[in-house]
$ cat my_file-v3.txt   # compact mmCIF, C-alpha atoms
# COMPACT_ATOMS: atom_id res chain seq x y z
CA MET Z 1 -206.15 98.80 -57.77
CA ASP Z 2 -207.62 102.33 -57.82
CA GLU Z 3 -205.78 105.44 -58.99
CA THR Z 4 -204.98 106.49 -55.41
CA GLY Z 5 -203.26 103.17 -54.73
CA THR Z 6 -201.30 103.44 -58.00
CA ASP Z 7 -200.17 106.98 -57.21
CA ASP Z 8 -199.08 105.93 -53.72
CA ALA Z 9 -197.06 103.02 -55.13
CA THR Z 10 -195.42 105.32 -57.70
CA ARG Z 11 -194.50 107.90 -55.08
CA SER Z 12 -193.15 105.13 -52.84
CA ARG Z 13 -190.88 103.86 -55.65
CA GLN Z 14 -189.72 107.37 -56.46
CA GLY Z 15 -189.00 108.06 -52.80
CA SER Z 16 -187.06 104.82 -52.50
CA ARG Z 17 -185.06 105.64 -55.65
CA TYR Z 18 -184.26 109.11 -54.36
CA SER Z 19 -183.18 107.70 -50.99
CA SER Z 20 -180.92 105.20 -52.75
CA LEU Z 21 -179.43 107.97 -54.88
CA VAL Z 22 -178.48 109.91 -51.75
CA THR Z 23 -177.10 106.99 -49.74
CA LEU Z 24 -175.46 104.99 -52.53
CA VAL Z 25 -174.20 107.73 -54.87
CA LEU Z 26 -174.20 111.24 -53.40
CA ILE Z 27 -172.75 110.46 -49.95
CA PRO Z 28 -169.87 108.35 -51.37
CA LEU Z 29 -169.13 111.13 -53.88
CA VAL Z 30 -168.99 113.69 -51.06
CA ILE Z 31 -166.43 111.47 -49.34
CA VAL Z 32 -164.49 111.31 -52.61
CA LEU Z 33 -164.45 115.11 -52.89
CA ILE Z 34 -163.12 115.43 -49.34
CA TRP Z 35 -160.43 112.87 -50.14
CA LEU Z 36 -159.45 114.65 -53.37
CA LEU Z 37 -159.11 117.96 -51.54
CA GLU Z 38 -157.03 116.27 -48.86
CA ASN Z 39 -154.77 114.69 -51.48
CA TYR Z 40 -154.19 118.07 -53.08
CA LEU Z 41 -153.49 119.95 -49.84
CA LEU Z 42 -151.28 117.29 -48.23
CA ALA Z 43 -149.39 115.96 -51.25
CA GLY Z 44 -150.21 117.53 -54.61
CA ASN Z 45 -149.72 121.15 -53.56
CA THR Z 46 -146.59 120.36 -51.55
CA HIS Z 47 -145.10 117.93 -54.13
CA LEU Z 48 -144.71 115.45 -51.29
CA PHE Z 49 -143.51 112.54 -53.41
CA ARG Z 50 -141.26 114.62 -55.68
CA GLN Z 51 -139.53 116.33 -52.74
CA ALA Z 52 -138.94 114.02 -49.78
CA SER Z 53 -140.46 115.06 -46.45
CA ILE Z 54 -140.82 112.41 -43.75
CA PRO Z 55 -143.06 114.57 -41.48
CA GLY Z 56 -145.26 115.31 -44.50
CA LEU Z 57 -145.38 111.63 -45.41
CA VAL Z 58 -146.43 110.64 -41.88
CA LEU Z 59 -149.15 113.32 -41.82
CA TYR Z 60 -150.43 112.22 -45.23
CA THR Z 61 -150.46 108.57 -44.15
CA VAL Z 62 -152.46 109.27 -40.99
CA LEU Z 63 -155.03 111.66 -42.50
CA ALA Z 64 -155.43 110.51 -46.12
CA GLY Z 65 -154.27 106.91 -45.81
CA ILE Z 66 -155.94 105.85 -42.55
CA PHE Z 67 -158.63 108.32 -41.48
CA VAL Z 68 -160.25 109.30 -44.79
CA GLY Z 69 -158.81 106.36 -46.74
CA ILE Z 70 -160.03 103.56 -44.43
CA ILE Z 71 -162.03 104.71 -41.38
CA VAL Z 72 -164.49 107.02 -43.17
CA PRO Z 73 -165.32 104.52 -45.96
CA ILE Z 74 -165.80 101.75 -43.41
CA VAL Z 75 -168.30 103.85 -41.44
CA ARG Z 76 -170.29 104.40 -44.64
CA ILE Z 77 -169.99 100.73 -45.65
CA ARG Z 78 -171.28 99.63 -42.25
CA ALA Z 79 -174.46 101.62 -42.89
CA ALA Z 80 -174.78 99.93 -46.29
CA PHE Z 81 -174.37 96.55 -44.57
CA LEU Z 82 -177.19 97.30 -42.16
CA SER Z 83 -179.46 98.35 -45.03
CA GLY Z 84 -178.62 95.22 -47.04
CA ALA Z 85 -177.19 97.19 -50.00
CA VAL Z 86 -173.79 95.45 -49.89
CA ASN Z 87 -172.26 92.40 -48.23
CA MET Z 88 -168.88 90.94 -47.30
CA PHE Z 89 -168.40 89.22 -50.67
CA GLN Z 90 -169.08 92.40 -52.64
CA ILE Z 91 -166.60 94.58 -50.71
CA GLY Z 92 -163.85 91.98 -51.08
CA PHE Z 93 -163.46 90.90 -47.46
CA ARG Z 94 -163.16 87.14 -47.87
CA SER Z 95 -162.12 84.17 -45.73
CA ALA Z 96 -158.46 83.84 -44.73
CA ARG Z 97 -157.94 80.80 -46.99
CA ARG Z 98 -159.52 82.52 -49.99
CA THR Z 99 -157.51 85.69 -49.36
CA VAL Z 100 -154.18 83.85 -49.06
CA ALA Z 101 -154.85 82.01 -52.33
CA ALA Z 102 -155.85 85.19 -54.20
CA VAL Z 103 -152.90 87.20 -52.85
CA SER Z 104 -150.39 84.43 -53.59
CA LEU Z 105 -151.53 83.98 -57.19
CA THR Z 106 -151.66 87.73 -57.79
CA ALA Z 107 -148.20 88.29 -56.30
CA LEU Z 108 -146.70 85.49 -58.41
CA ALA Z 109 -148.34 86.84 -61.56
CA GLY Z 110 -147.09 90.35 -60.79
CA TYR Z 111 -143.55 89.15 -60.12
CA ALA Z 112 -143.56 87.15 -63.36
CA PHE Z 113 -144.77 90.23 -65.25
CA PHE Z 114 -141.90 92.37 -63.95
CA ILE Z 115 -139.34 89.65 -64.74
CA ILE Z 116 -140.62 89.00 -68.26
CA THR Z 117 -141.25 92.58 -69.37
CA GLY Z 118 -138.28 94.26 -67.68
CA THR Z 119 -140.28 97.38 -66.81
CA PRO Z 120 -138.40 100.59 -67.73
CA GLY Z 121 -136.89 102.29 -64.70
CA ILE Z 122 -137.28 99.30 -62.42
CA GLU Z 123 -134.06 97.63 -63.61
CA GLY Z 124 -132.16 100.65 -62.30
CA LEU Z 125 -133.30 99.89 -58.75
CA ASN Z 126 -131.95 97.15 -56.54
CA ARG Z 127 -134.25 94.81 -54.63
CA VAL Z 128 -134.18 96.87 -51.44
CA GLU Z 129 -135.08 100.04 -53.34
CA CYS Z 130 -137.88 98.23 -55.19
CA ALA Z 131 -139.28 96.92 -51.90
CA THR Z 132 -139.04 100.40 -50.34
CA LEU Z 133 -140.82 101.93 -53.36
CA PHE Z 134 -143.57 99.33 -53.02
CA MET Z 135 -144.00 100.16 -49.31
CA LEU Z 136 -143.99 103.90 -50.07
CA LEU Z 137 -146.85 103.50 -52.54
CA LEU Z 138 -148.73 100.89 -50.49
CA PRO Z 139 -150.72 103.38 -48.32
CA ILE Z 140 -151.80 105.22 -51.47
CA ALA Z 141 -152.93 101.96 -53.06
CA ILE Z 142 -154.85 100.89 -49.95
CA ALA Z 143 -156.69 104.23 -49.76
CA THR Z 144 -157.53 104.23 -53.48
CA VAL Z 145 -158.85 100.66 -53.37
CA MET Z 146 -160.97 101.41 -50.30
CA ILE Z 147 -162.35 104.66 -51.72
CA CYS Z 148 -162.69 103.80 -55.42
CA TRP Z 149 -163.89 100.19 -55.34
CA VAL Z 150 -164.79 99.05 -51.83
CA LEU Z 151 -166.85 102.20 -51.25
CA VAL Z 152 -167.83 103.88 -54.54
CA GLY Z 153 -167.69 100.79 -56.77
CA THR Z 154 -169.91 98.61 -54.59
CA HIS Z 155 -172.36 101.45 -53.89
CA VAL Z 156 -172.68 102.44 -57.55
CA GLN Z 157 -173.24 98.80 -58.48
CA ALA Z 158 -175.91 98.52 -55.80
CA TYR Z 159 -177.68 101.60 -57.17
CA PHE Z 160 -177.66 100.29 -60.77
CA ARG Z 161 -178.30 96.64 -59.82
CA SER Z 162 -181.85 96.75 -61.15
CA GLU Z 163 -180.50 97.71 -64.59
CA GLY Z 164 -178.68 94.39 -64.96
CA VAL Z 165 -175.18 93.03 -64.38
CA ILE Z 166 -173.60 94.47 -67.54
CA VAL Z 167 -174.84 98.01 -66.88
CA SER Z 168 -173.85 97.95 -63.20
CA VAL Z 169 -170.35 96.58 -63.92
CA ILE Z 170 -169.58 98.92 -66.83
CA THR Z 171 -170.90 101.93 -64.90
CA GLY Z 172 -168.87 100.91 -61.85
CA VAL Z 173 -165.69 100.45 -63.90
CA VAL Z 174 -165.94 103.80 -65.71
CA ILE Z 175 -166.86 105.88 -62.64
CA THR Z 176 -164.24 104.32 -60.35
CA ALA Z 177 -161.49 104.48 -63.00
CA LEU Z 178 -162.21 108.18 -63.50
CA ILE Z 179 -162.06 108.81 -59.73
CA PHE Z 180 -158.84 106.79 -59.50
CA ALA Z 181 -157.22 108.71 -62.36
CA LEU Z 182 -158.30 112.09 -61.03
CA SER Z 183 -157.15 111.38 -57.47
CA LEU Z 184 -153.72 110.10 -58.50
CA SER Z 185 -153.22 112.92 -61.00
CA ILE Z 186 -153.94 115.41 -58.22
CA LEU Z 187 -151.69 113.53 -55.82
CA PHE Z 188 -148.74 113.64 -58.22
CA ALA Z 189 -149.64 117.02 -59.74
CA GLY Z 190 -147.23 118.31 -62.34
CA PRO Z 191 -147.05 119.90 -65.79
CA ASP Z 192 -147.79 116.53 -67.47
CA PHE Z 193 -151.26 116.20 -65.91
CA ARG Z 194 -152.91 114.94 -69.11
CA GLU Z 195 -150.31 112.22 -69.66
CA LEU Z 196 -150.58 111.11 -66.05
CA PHE Z 197 -154.38 111.07 -66.18
CA THR Z 198 -154.43 108.80 -69.25
CA GLY Z 199 -152.03 106.29 -67.69
CA PHE Z 200 -153.90 106.28 -64.41
CA PHE Z 201 -157.26 105.85 -66.18
CA VAL Z 202 -156.01 102.75 -68.01
CA ALA Z 203 -154.58 101.37 -64.74
CA GLY Z 204 -157.87 102.20 -63.00
CA CYS Z 205 -159.90 100.27 -65.59
CA ILE Z 206 -157.63 97.23 -65.19
CA ALA Z 207 -157.87 97.40 -61.38
CA ALA Z 208 -161.66 97.89 -61.53
CA PHE Z 209 -162.23 94.84 -63.75
CA PHE Z 210 -159.88 92.85 -61.51
CA PHE Z 211 -161.71 93.85 -58.32
CA PHE Z 212 -165.18 93.16 -59.70
CA ALA Z 213 -164.01 89.77 -61.03
CA VAL Z 214 -161.93 88.56 -58.07
CA ARG Z 215 -163.60 90.49 -55.20
CA ASP Z 216 -160.56 90.49 -52.96
CA VAL Z 217 -159.28 93.70 -51.35
CA TYR Z 218 -155.72 92.55 -50.75
CA ALA Z 219 -155.17 91.10 -54.24
CA THR Z 220 -156.50 94.34 -55.75
CA ILE Z 221 -154.13 96.33 -53.54
CA ILE Z 222 -151.21 94.33 -54.97
CA VAL Z 223 -152.40 95.05 -58.52
CA VAL Z 224 -152.80 98.78 -57.83
CA THR Z 225 -149.47 99.11 -55.99
CA SER Z 226 -147.66 97.27 -58.79
CA GLY Z 227 -149.31 99.56 -61.33
CA LEU Z 228 -148.19 102.62 -59.39
CA VAL Z 229 -144.63 101.27 -59.24
CA VAL Z 230 -144.65 100.99 -63.05
CA LEU Z 231 -146.17 104.44 -63.64
CA LEU Z 232 -144.37 106.40 -60.93
CA ASN Z 233 -140.93 104.84 -60.36
CA ALA Z 234 -139.23 107.73 -62.21
CA ARG Z 235 -141.28 110.44 -60.43
CA ILE Z 236 -140.41 109.58 -56.81
CA ASP Z 237 -137.69 111.45 -54.94
CA PRO Z 238 -134.79 108.92 -54.59
CA ALA Z 239 -134.31 110.15 -51.00
CA TYR Z 240 -137.33 108.02 -50.06
CA LEU Z 241 -135.70 104.87 -51.42
CA GLY Z 242 -132.14 104.78 -50.24
CA PRO Z 243 -130.72 104.29 -47.82
CA ILE Z 244 -133.73 102.36 -46.54
CA SER Z 245 -136.12 104.62 -44.62
CA PRO Z 246 -137.70 103.13 -41.47
CA ALA Z 247 -140.44 105.79 -41.65
CA VAL Z 248 -141.46 104.70 -45.16
CA ILE Z 249 -141.61 101.04 -44.15
CA LEU Z 250 -143.48 101.84 -40.93
CA CYS Z 251 -146.10 103.91 -42.74
CA GLY Z 252 -146.84 101.03 -45.11
CA ILE Z 253 -147.02 98.50 -42.30
CA VAL Z 254 -149.28 100.64 -40.08
CA VAL Z 255 -151.84 101.25 -42.84
CA MET Z 256 -151.95 97.55 -43.68
CA VAL Z 257 -152.36 96.62 -40.01
CA VAL Z 258 -155.31 99.03 -39.74
CA LEU Z 259 -156.92 97.45 -42.81
CA VAL Z 260 -156.42 93.91 -41.46
CA ASN Z 261 -157.99 94.90 -38.14
CA VAL Z 262 -160.98 96.41 -39.95
CA HIS Z 263 -161.35 93.16 -41.90
CA TRP Z 264 -161.15 91.16 -38.67
CA HIS Z 265 -163.81 93.35 -37.06
CA PHE Z 266 -166.19 92.94 -39.99
CA SER Z 267 -165.59 89.19 -40.12
CA ARG Z 268 -166.57 88.89 -36.45
CA HIS Z 269 -169.72 90.99 -36.69
CA TYR Z 270 -171.06 90.46 -40.22
CA THR Z 271 -171.63 87.23 -42.11
CA THR Z 272 -172.92 86.79 -45.65
CA ILE Z 273 -175.15 83.72 -45.89
CA VAL Z 274 -175.86 82.37 -49.37
CA LEU Z 275 -179.37 80.91 -49.46
CA PRO Z 276 -179.99 77.88 -51.68
CA GLU Z 277 -181.95 78.58 -54.84
CA LYS Z 278 -185.50 77.25 -54.88
$ encode --input "my_file-v3.txt" --output "structure tokens"
Amino acid sequence: MDETGTDDATRSRQGSRYSSLVTLVLIPLVIVLIWLLENYLLAGNTHLFRQASIPGLVLYTVLAGIFVGIIVPIVRIRAAFLSGAVNMFQIGFRSARRTVAAVSLTALAGYAFFIITGTPGIEGLNRVECATLFMLLLPIAIATVMICWVLVGTHVQAYFRSEGVIVSVITGVVITALIFALSLSILFAGPDFRELFTGFFVAGCIAAFFFFAVRDVYATIIVVTSGLVVLLNARIDPAYLGPISPAVILCGIVVMVVLVNVHWHFSRHYTTIVLPEK
């Protein structure tokens, strides 16, 4: 091959790498920045979860939980599907049987953890209040899983795939855990920001390893929501928890229904086919 051909090949690789950097890293990070700003304006700045406000909660759920938390990432993920950068397995949208099994095992393990450890603060809540707290934090967990791991995690891994599995996984875990910790610290902004950030970062690392190992959106949502219950049960305005609030329950249900419908849509239009090795 002559020097002209070599130069053309080099420029082609550099152009492809630059294009991947834009589509797999920069665009997802722009979405993250928009989401962080939205979290601050709708919840962090107004202390939404420290001072109960049902209208504020509904607005946050619609804008941050559904629109930017689910719809925007899915639009970006669809483009990644069409380019072949990610697939159904990688984003954690699995078959119904596989999902039921993963969710059941995760829920049982989480319940056993709470029973065995007797998490501080949780024993002061009755079952209805615990369920309401779980539903209150569910939209937050769904949005963080969709943004941090389904979007950013899979795209970062796709960008670093050529560097090997270990590099792509470690990079994905660290970046997504940092985004998770920053977003939740902003969402529950207070004078103890550093303490919150550390706890959220540890929880983010656990959730990241879990997602990359299990590759199931719903099981990861259970892990994240349970982690938030542990970290935040003493920081939530009790007015959200009792007496039971239909608005809190409805917000959790609506966000989950939107996610299930997105999963159903993707399952109908996209299929990952595993080719046999030669």
$ residues_around --input "my_file-v3.txt" --residues "Val224 in chain Z" --least-positions-apart "2" --cutoff "12 Å" --atoms "all atoms listed in the file" --output "PyMOL selection string"
chain Z and resi 106-107+110+134+137-146+148-149+177+180-181+184+200-211+217-222+226-232
$ atom_distance --input "my_file-v3.txt" --atom1 "CA of Thr46 in chain Z" --atom2 "CA of Asp237 in chain Z"
13.0 Å
$ closest_residue --input "my_file-v3.txt" --among "Z:Leu26, Z:Val258, Z:Leu33, Z:Val103" --to "Ile74 in chain Z" --atoms "all atoms listed in the file"
Z:Val258
$ closest_residue --input "my_file-v3.txt" --among "Z:Gly252, Z:Ala112, Z:Gly164, Z:Asp192" --to "Val62 in chain Z" --atoms "all atoms listed in the file"
Z:Gly252
$ closest_residue --input "my_file-v3.txt" --among "Z:Gly172, Z:Trp35, Z:Arg268, Z:Arg161" --to "Ile66 in chain Z" --atoms "only C-alpha atoms"
Z:Trp35
$ atom_distance --input "my_file-v3.txt" --atom1 "CA of His269 in chain Z" --atom2 "CA of Phe93 in chain Z"
12.5 Å
$ atom_distance --input "my_file-v3.txt" --atom1 "CA of Val255 in chain Z" --atom2 "CA of Leu57 in chain Z"
12.5 Å
$ residues_near_point --input "my_file-v3.txt" --point "(-165.8, 108.3, -45.4)" --cutoff "9 Å" --atoms "all atoms listed in the file" --output "ChimeraX atom specification"
/Z:27-28,30-32,34-35,67-77,147,151
$ closest_residue --input "my_file-v3.txt" --among "Z:Ser104, Z:Thr198, Z:Ser183, Z:Ser162" --to "Val223 in chain Z" --atoms "only C-alpha atoms"
Z:Ser104
$ closest_residue --input "my_file-v3.txt" --among "Z:Thr23, Z:Asn39, Z:Gln157, Z:Thr99" --to "Ala80 in chain Z" --atoms "all atoms listed in the file"
Z:Thr23
$ closest_residue --input "my_file-v3.txt" --among "Z:Gly44, Z:Val167, Z:Gly65, Z:Met135" --to "Leu182 in chain Z" --atoms "only C-alpha atoms"
Z:Gly44
$ axis_aligned_box --input "my_file-v3.txt" --around "range 23-39 of chain Z" --padding-each-side "4 Å" --output "lines of an AutoDock Vina configuration file"
center_x = -165.9
center_y = 111.5
center_z = -51.9
size_x = 30.3
size_y = 21.0
size_z = 14.0
